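What follows is one structure encoded as structure tokens, with my remarks underneath.
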Protein chains: 4
Amino acid sequence: MDTESNSNALPNPLRGIIPPMVTPLLDRDTLDAAGLERLIEHILAGGVHGLFILGTTGEAPSLSYRLRYELIERVCGQVAGRVPVLVGITDTCFTESLNTANKAGDAGAQAVVLAPPYYFPAGQAELLEYLEHLTPELPLPLFLYNMPSLTKAVFEPQTVKAAAQISGIAGIKDSSGNMVYFHQLQSILRDHPGFALLVGREELLAEAVLLDGHGGVCGGANFIPKLYVDLYNAACSRDVPTVEALHEKVMQISSAIYSVGHYESSYLKGLKCTLSCMNICSDFLAEPFHRFRQEEHDKIQRYVKELGIALKR
Amino acid sequence: MDTESNSNALPNPLRGIIPPMVTPLLDRDTLDAAGLERLIEHILAGGVHGLFILGTTGEAPSLSYRLRYELIERVCGQVAGRVPVLVGITDTCFTESLNTANKAGDAGAQAVVLAPPYYFPAGQAELLEYLEHLTPELPLPLFLYNMPSLTKAVFEPQTVKAAAQISGIAGIKDSSGNMVYFHQLQSILRDHPGFALLVGREELLAEAVLLDGHGGVCGGANFIPKLYVDLYNAACSRDVPTVEALHEKVMQISSAIYSVGHYESSYLKGLKCTLSCMNICSDFLAEPFHRFRQEEHDKIQRYVKELGIALKR
Amino acid sequence: MDTESNSNALPNPLRGIIPPMVTPLLDRDTLDAAGLERLIEHILAGGVHGLFILGTTGEAPSLSYRLRYELIERVCGQVAGRVPVLVGITDTCFTESLNTANKAGDAGAQAVVLAPPYYFPAGQAELLEYLEHLTPELPLPLFLYNMPSLTKAVFEPQTVKAAAQISGIAGIKDSSGNMVYFHQLQSILRDHPGFALLVGREELLAEAVLLDGHGGVCGGANFIPKLYVDLYNAACSRDVPTVEALHEKVMQISSAIYSVGHYESSYLKGLKCTLSCMNICSDFLAEPFHRFRQEEHDKIQRYVKELGIALKR
Amino acid sequence: MDTESNSNALPNPLRGIIPPMVTPLLDRDTLDAAGLERLIEHILAGGVHGLFILGTTGEAPSLSYRLRYELIERVCGQVAGRVPVLVGITDTCFTESLNTANKAGDAGAQAVVLAPPYYFPAGQAELLEYLEHLTPELPLPLFLYNMPSLTKAVFEPQTVKAAAQISGIAGIKDSSGNMVYFHQLQSILRDHPGFALLVGREELLAEAVLLDGHGGVCGGANFIPKLYVDLYNAACSRDVPTVEALHEKVMQISSAIYSVGHYESSYLKGLKCTLSCMNICSDFLAEPFHRFRQEEHDKIQRYVKELGIALKR
């Protein structure tokens with residue numbers, strides 16, 4: 001694979017819908033390889049603008065490094081340059097982030113994605129220094145990933161602004177759910193038009209793009225990619241009535257699919273269960289989580305029907 | 001004053017810009033009466049749709065009850081029915097909330113506003129029961145006020161939905177800054193079109209109204225009310241380019257005026273300091289806060305000039 | 001009543017068991033006057049070293065000012081100088097804290113107790129300034145009250161050290177549950193032997209007094225005051241085996257009486273329910289809480305029996 | 001090495017001082033091998049009862065797996081059965097915990113130590129299930145590690161009680177700093193006398209052991225192991241005056257060595273800096289942290305002198 005030309009292919013800024021792919025598993029250390037193939041084709045058929053693997057939705061921290069590396073190989077091989085592949089390298093250890101990034105570079109991915117190291121909460125100066133040390137050693141452009149509820153550390157706006165000056169840092173995915181923060185980033189980065197601002201909660205995609213954000217990393221795009229692509233396009237063309245109608249559909253999915261059982265992990269469980277109901281891939285979750293029990297599974301099945309989500313034959 | 005007719009005058013749902021008025025003070029227990037008069041007229045001249053007193057921005061918890069009651073009298077007297085007056089009755093004590101509500105009713109206000117009791121954090125069932133006990137005893141319609149960062153308790157969407165069935169509860173002001181929550185409320189209350197959904201962070205006004213929210217409670221409307229009214233109108237008419245331009249102005253104010261000194265109280269101090277620089281009212285803050293020192297005051301003065309905020313002669 | 005002589009009677013430092021008295025209520029705004037009398041005599045009969053009213057256990061923030069003032073009058077009148085009475089004046093408003101303190105002074109109390117203002121979270125410099133402004137205006141010595149889980153602000157060790165220099169501040173009650181903090185206070189205040197260090201969680205009384213703390217503010221002393229007095233005495237005389245046996249009894253009470261129903265308010269509900277089972281006073285709780293339902297009441301009744309808590313005839 | 005006999009050598013319950021060893025580093029991925037040797041001998045010379053590597057103090061999450069495995073080999077080889085070696089296997093991934101445990105077993109360690117997986121916060125049922133799945137696959141006895149400030153999940157007392165029934169779980173190290181929790185564990189585990197209850201904050205060692213805890217995992221024992229061993233012995237023999245004197249010394253170390261610079265990481269930086277001032281090992285810290293700058297280093301040097309900490313020639 002010609003990494004060079006793929007890497008050149010990364011838009012500046014990156015725009016559109018970049019689904020955070022779930023990782024189909026047969027058991028805690030075995031990929032569901034057939035499910036993975038179906039999932040990738042299902043997502044790409046929806047017209048998405050990239051694919052993000054090994055993020056939170058991909059359960060990356062729960063997977064062994066061996067399995068993470070296997071996943072990178074398989075996904076890059078199958079996508080084969082059709083869209084940019086972004087690979088999560090978030091870790092508590094600098095060296096392991098670098099190891100994963102090198103696997104991503106070798107496999108032909110287009111970018112890597114990093115949340116703050118998440119065991120020890122670093123201060124802002126330490127976070128910036130971390131980026132200054134890491135970025136020059138990376139084989140691919142880097143996207144920041146703001147996810148304070150799970151990492152305990154936030155990339156504060158001034159830190160993002162400083163990071164945007166570092167050669168090799170191409171944007172940020174904000175999953176804080178905090179639109180005041182997102183607008184602060186937009187305001188402070190007005191003079192960095194090539195720095196991508198992507199929103200990580202699909203419930204906020206409509207407003208993020210209406211108000212000039214570059215796109216979204218939407219979990220629901222694992223199963224209905226077209227909905228998010230259509231919403232993105234409507235927002236880009238400022239067709240507010242269409243945006244509203246599609247946004248309401250996104251909220252229905254969120255209230256139904258992601259809210260069964262009221263676990264912290266309801267989002268992840270609901271996502272994998274839906275994909276399983278659609279016959280796309282297995283619903284196995286890596287520890288510390290587990291798939292839905294029968295009763296919750298039945299609820300999801302009902303929602304899939306009600307929401308008119310198409311099944312794979 | 002004819003309370004009856006005023007009360008009837010409350011729109012259903014309440015829409016538009018309802019500024020959370022600061023409380024002008026000469027010292028910790030003395031109103032700046034002349035400043036108060038100027039402030040009210042300045043705000044009303046901006047075309048706002050209501051006035052909310054004794055909220056967080058009004059420093060209500062820091063004021064003695066004597067002073068709160070005096071403020072209610074003076075504001076209702078001066079507004080004299082030109083716009084609806086909403087009075088904050090948030091308290092840790094049921095009986096004191098009721099006492100304040102009765103003062104508001106007697107003075108001719110149009111509604112009262114209640115955040116959860118904020119010393120002991122109640123559970124959701126307890127919050128709903130609180131509303132069921134309190135609402136029938138109130139002389140005026142009630143708006144809920146969601147402010148979890150200061151009250152420690154959130155009105156969860158299902159609780160708001162249950163509250164919307166209680167006769168006398170007319171809407172909610174959400175100051176959580178969490179737009180996913182706001183959209184969940186919109187989704188869950190789709191069949192209560194008369195229940196007002198107002199957003200409490202002005203940085204989120206653009207998207208809240210573009211996506212069918214009813215309006216905002218914007219602190220900046222104390223000093224430039226017209227900006228927020230114009231933004232509201234542009235969003236209602238779905239004029240996205242104008243919304244964007246005005247939203248960017250709102251973000252500039254937020255980054256400048258509310259961010260001097262990086263205190264938890266920077267917002268309040270910046271707001272009162274700006275009003276003082278404009279010669280509208282005193283910048284005295286009730287304990288535990290204090291007005292800006294000279295250096296910070298000078299910064300605000302500079303911002304007032306740069307942002308083109310007009311001074312009162 | 002001769003306030004002067006009572007005030008002189010406050011030990012330096014204050015030592016021993018100072019129960020945080022519950023407030024017996026017939027309904028949300030009516031004291032259970034007969035229950036209050038029985039409760040005071042029951043507590044004093046246990047040999048306690050003081051009485052703290054209008055704290056968290058006393059539900060002070062949930063009570064109207066009218067009722068708080070009535071309580072101060074009644075308690076001071078009945079105690080009549082037998083032990084020092086400490087009155088909680090914690091408030092969000094400086095002026096109201098002062099009003100309550102003046103009532104306490106007039107009624108013949110010996111000291112007042114103040115947690116940080118709890119709506120707006122003040123910074124440490126602001127907290128210290130608050131104390132510098134308030135203390136000179138108070139008619140009685142002041143104890144600080146550290147209760148970060150409910151007030152959102154902590155009195156940091158350096159702030160307490162600075163406060164210990166202010167004339168009129170006599171000690172601190174630490175209810176953080178954080179013994180590292182308590183030991184830091186002890187270490188930093190080694191040269192202020194007259195500054196009382198009292199621990200607010202009864203589960204920590206044993207170690208606090210064994211390691212030279214001055215005493216405790218123990219909720220369980222509402223119903224078995226002698227247990228805590230005995231534990232205090234054993235710890236003072238470094239009789240470790242007796243301390244251990246009594247400490248284990250304290251832990252049993254905590255695991256039983258305060259853990260029914262797993263509410264945030266289980267402690268308060270369990271305390272009042274126990275007093276009601278003992279025929280001492282009503283178990284009515286002010287909003288936002290309510291008394292235990294029958295099933296939970298029955299559990300408490302069983303625990304009262306099992307733990308061998310004596311009933312009042 | 002005969003693992004069987006070592007494993008038999010693990011006391012039941014494990015008691016005493018088990019220092020959480022720092023990991024001496026030359027750079028982010030290179031052990032300071034000579035420093036490591038000196039450090040181990042220095043600690044063992046203090047009479048400690050075990051050695052815990054790859055915990056929080058050992059910066060385990062910041063180290064590559066390669067380096068972790070190398071450390072396990074070197075430490076087990078050098079300790080050579082003189083005291084039990086406990087190896088941290090905390091991870092976000094089940095399989096990687098198991099991999100590390102197998103390295104520990106092969107190298108001749110006596111036990112492994114596990115905090116909850118710390119990216120996704122598991123519920124209590126999920127945590128218990130995690131232990132039920134993991135424990136049977138482990139080659140060595142397991143100690144739980146409660147560290148909620150860094151892992152976001154707490155092992156609640158009922159979960160610990162259930163875990164104590166699982167064959168192969170030998171105790172818990174509680175680093176919550178919450179002595180109410182510690183006493184709840186003691187109370188609930190009264191009928192499991194072989195289950196070790198160790199306290200993780202050295203500031204709480206005195207009271208934990210005085211009140212029948214089994215020992216402590218004290219960071220300061222990296223540089224003055226004898227202080228903590230003496231304190232442990234005095235507490236076991238209930239010599240309260242000696243306990244008090246040594247506890248005060250522990251508090252002085254905490255206020256001095258661990259409080260330079262007021263970073264989240266002041267403890268770690270102070271610890272490594274002290275060891276460097278004593279000529280024991282390098283003060284390099286793995287990212288996201290870095291060693292103290294000169295000014296802070298000078299402060300530590302001064303404290304080392306003032307506290308009378310002996311230097312290595």
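Residue numbering restarts at 1 in every chain; chains get A, B, ... in the order shown in the structure tokens, and ligands count up from 1 in that same order.
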
For Pro11 (chain C), please output as a PDB file with N, CA and C atoms, in the first residue's frame all residues within 12 Å (counting only C-alpha atoms; exclusion window: fewer than 2 positions along the same chain).
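File written: selection-v9.pdb
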ATOM      1  N   ASN C   6     -21.303  32.551  80.899  1.00  0.00           N
ATOM      2  CA  ASN C   6     -21.357  31.335  80.085  1.00  0.00           C
ATOM      3  C   ASN C   6     -20.213  31.313  79.078  1.00  0.00           C
ATOM      4  N   SER C   7     -20.031  32.450  78.448  1.00  0.00           N
ATOM      5  CA  SER C   7     -19.010  32.547  77.424  1.00  0.00           C
ATOM      6  C   SER C   7     -17.647  32.240  78.031  1.00  0.00           C
ATOM      7  N   ASN C   8     -17.431  32.727  79.216  1.00  0.00           N
ATOM      8  CA  ASN C   8     -16.174  32.410  79.889  1.00  0.00           C
ATOM      9  C   ASN C   8     -16.054  30.909  80.125  1.00  0.00           C
ATOM     10  N   ALA C   9     -17.230  30.285  80.222  1.00  0.00           N
ATOM     11  CA  ALA C   9     -17.235  28.856  80.559  1.00  0.00           C
ATOM     12  C   ALA C   9     -16.765  27.974  79.401  1.00  0.00           C
ATOM     13  N   PRO C  13      -8.813  24.351  74.820  1.00  0.00           N
ATOM     14  CA  PRO C  13      -9.788  24.201  73.754  1.00  0.00           C
ATOM     15  C   PRO C  13     -11.030  23.466  74.225  1.00  0.00           C
ATOM     16  N   LEU C  14     -12.097  23.558  73.423  1.00  0.00           N
ATOM     17  CA  LEU C  14     -13.290  22.760  73.685  1.00  0.00           C
ATOM     18  C   LEU C  14     -12.933  21.296  73.455  1.00  0.00           C
ATOM     19  N   ARG C  15     -13.302  20.449  74.385  1.00  0.00           N
ATOM     20  CA  ARG C  15     -12.985  19.012  74.315  1.00  0.00           C
ATOM     21  C   ARG C  15     -14.235  18.172  74.545  1.00  0.00           C
ATOM     22  N   GLY C  16     -14.167  16.921  74.070  1.00  0.00           N
ATOM     23  CA  GLY C  16     -15.197  15.952  74.427  1.00  0.00           C
ATOM     24  C   GLY C  16     -16.212  15.676  73.348  1.00  0.00           C
ATOM     25  N   HIS C  49     -20.332  16.878  76.560  1.00  0.00           N
ATOM     26  CA  HIS C  49     -19.559  18.073  76.929  1.00  0.00           C
ATOM     27  C   HIS C  49     -20.047  19.340  76.251  1.00  0.00           C
ATOM     28  N   GLY C  50     -21.111  19.243  75.493  1.00  0.00           N
ATOM     29  CA  GLY C  50     -21.651  20.408  74.802  1.00  0.00           C
ATOM     30  C   GLY C  50     -22.806  19.954  73.946  1.00  0.00           C
ATOM     31  N   VAL C  83     -24.264  22.777  79.894  1.00  0.00           N
ATOM     32  CA  VAL C  83     -23.126  22.541  78.967  1.00  0.00           C
ATOM     33  C   VAL C  83     -23.129  23.683  77.965  1.00  0.00           C
ATOM     34  N   PRO C  84     -21.999  23.917  77.309  1.00  0.00           N
ATOM     35  CA  PRO C  84     -22.008  24.959  76.275  1.00  0.00           C
ATOM     36  C   PRO C  84     -22.938  24.574  75.118  1.00  0.00           C
ATOM     37  N   GLN C 110     -23.102  29.684  73.767  1.00  0.00           N
ATOM     38  CA  GLN C 110     -21.688  29.906  74.082  1.00  0.00           C
ATOM     39  C   GLN C 110     -20.820  30.100  72.842  1.00  0.00           C
ATOM     40  N   ALA C 111     -21.278  29.622  71.679  1.00  0.00           N
ATOM     41  CA  ALA C 111     -20.447  29.730  70.478  1.00  0.00           C
ATOM     42  C   ALA C 111     -21.325  29.563  69.250  1.00  0.00           C
ATOM     43  N   PRO C 141     -17.726  33.355  70.261  1.00  0.00           N
ATOM     44  CA  PRO C 141     -16.625  32.678  69.565  1.00  0.00           C
ATOM     45  C   PRO C 141     -17.150  31.822  68.411  1.00  0.00           C
ATOM     46  N   ALA C 170     -12.222  29.733  67.421  1.00  0.00           N
ATOM     47  CA  ALA C 170     -11.866  28.868  68.549  1.00  0.00           C
ATOM     48  C   ALA C 170     -11.601  27.419  68.182  1.00  0.00           C
ATOM     49  N   GLY C 171     -11.837  27.057  66.927  1.00  0.00           N
ATOM     50  CA  GLY C 171     -11.613  25.659  66.580  1.00  0.00           C
ATOM     51  C   GLY C 171     -12.288  25.299  65.281  1.00  0.00           C
ATOM     52  N   PRO C 193      -2.363  25.433  70.776  1.00  0.00           N
ATOM     53  CA  PRO C 193      -2.973  24.384  71.611  1.00  0.00           C
ATOM     54  C   PRO C 193      -4.398  24.705  72.055  1.00  0.00           C
ATOM     55  N   GLY C 194      -4.817  25.949  71.957  1.00  0.00           N
ATOM     56  CA  GLY C 194      -6.174  26.290  72.375  1.00  0.00           C
ATOM     57  C   GLY C 194      -7.201  26.186  71.256  1.00  0.00           C
ATOM     58  N   PHE C 195      -6.754  25.830  70.061  1.00  0.00           N
ATOM     59  CA  PHE C 195      -7.645  25.741  68.901  1.00  0.00           C
ATOM     60  C   PHE C 195      -8.194  24.321  68.829  1.00  0.00           C
ATOM     61  N   ALA C 196      -9.499  24.168  68.995  1.00  0.00           N
ATOM     62  CA  ALA C 196     -10.095  22.825  69.089  1.00  0.00           C
ATOM     63  C   ALA C 196     -10.187  22.143  67.739  1.00  0.00           C
ATOM     64  N   HIS C 214      -9.304  16.581  69.874  1.00  0.00           N
ATOM     65  CA  HIS C 214      -9.953  17.060  71.093  1.00  0.00           C
ATOM     66  C   HIS C 214     -11.330  16.475  71.344  1.00  0.00           C
TER      67      HIS C 214
END

If you count only C-alpha atoms, which residues fall within 10 Å of Asp32 (chain B), apart from same-chain ones fewer than 5 positions away, as a list of chain:residue names?
-> B:Thr23, B:Pro24, B:Leu25, B:Leu26, B:Asp27, B:Glu37, B:Cys281, B:Ser282, B:Asp283, B:Phe284

Mind listing as a PyMOL selection string which residues of chain A are within 8 Å of chain B, counting only C-alpha atoms?
-> chain A and resi 177-180+183-184+187+203-204+207+210-211+238+240+244+248+251-252+255

Shell of 12 Å around Val160 (chain A), only C-alpha atoms, local chain residues under 3 positions omitted, as a PyMOL selection string | chain A and resi 124-125+127-128+131+143-146+154-157+163-166+169-174+181-182+184-189+192+195-197

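Atom pair CA of Glu264 (chain A) / CA of Thr56 (chain A) has a distance of 12.7 Å (rounded to one decimal).
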
Where does DSSP see alpha helix (DSSP H) in region 36-183 of chain A, if you list the residues as JSON, numbers by chain?
-> {"A": [36, 37, 38, 39, 40, 41, 42, 43, 44, 45, 65, 66, 67, 68, 69, 70, 71, 72, 73, 74, 75, 76, 77, 78, 79, 94, 95, 96, 97, 98, 99, 100, 101, 102, 103, 104, 105, 106, 107, 124, 125, 126, 127, 128, 129, 130, 131, 132, 133, 134, 148, 149, 150, 151, 157, 158, 159, 160, 161, 162, 163, 164, 179, 180, 181, 182, 183]}

All residues 10 Å or closer to Glu137 (chain D), only C-alpha atoms, same chain fewer than 5 positions away omitted, as a list in words = Leu98, Ala101, Asn102, Glu132 and Gly168 of chain D

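Here the residues within region 26-197 of chain D that DSSP labels strand (DSSP E) on the basis of the backbone are Leu26, Asp27, Thr30, Leu31, Leu51, Phe52, Ile53, Val85, Leu86, Val87, Gly88, Ala111, Val112, Val113, Leu114, Leu142, Phe143, Leu144, Tyr145, Asn146, Ile169, Ala170, Gly171, Ile172, Lys173, Asp174, Ala196 and Leu197 of chain D.
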
Shell of 10 Å around Leu268 (chain B), only C-alpha atoms, local chain residues under 3 positions omitted, as an MDAnalysis selection string = chainID B and resid 22 56:59 219 257:258 263:265 271:274 283 285 289:291

Excluding Gly46 (chain A) and any residue of its chain fewer than 3 positions from it, enumerate the residues within 12 Å of it, using only C-alpha atoms, and give them as a PyMOL selection string.
-> chain A and resi 17-19+39-43+49-51+83+220-230

Tell me which protein, DNA and RNA residues are within 9 Å of Glu287 (chain B), counting only C-alpha atoms, leaving out same-chain ones fewer than 6 positions away, and put them as a PyMOL selection string.
-> (chain B and resi 28+62-63) or (chain C and resi 92-94+117+126+130)
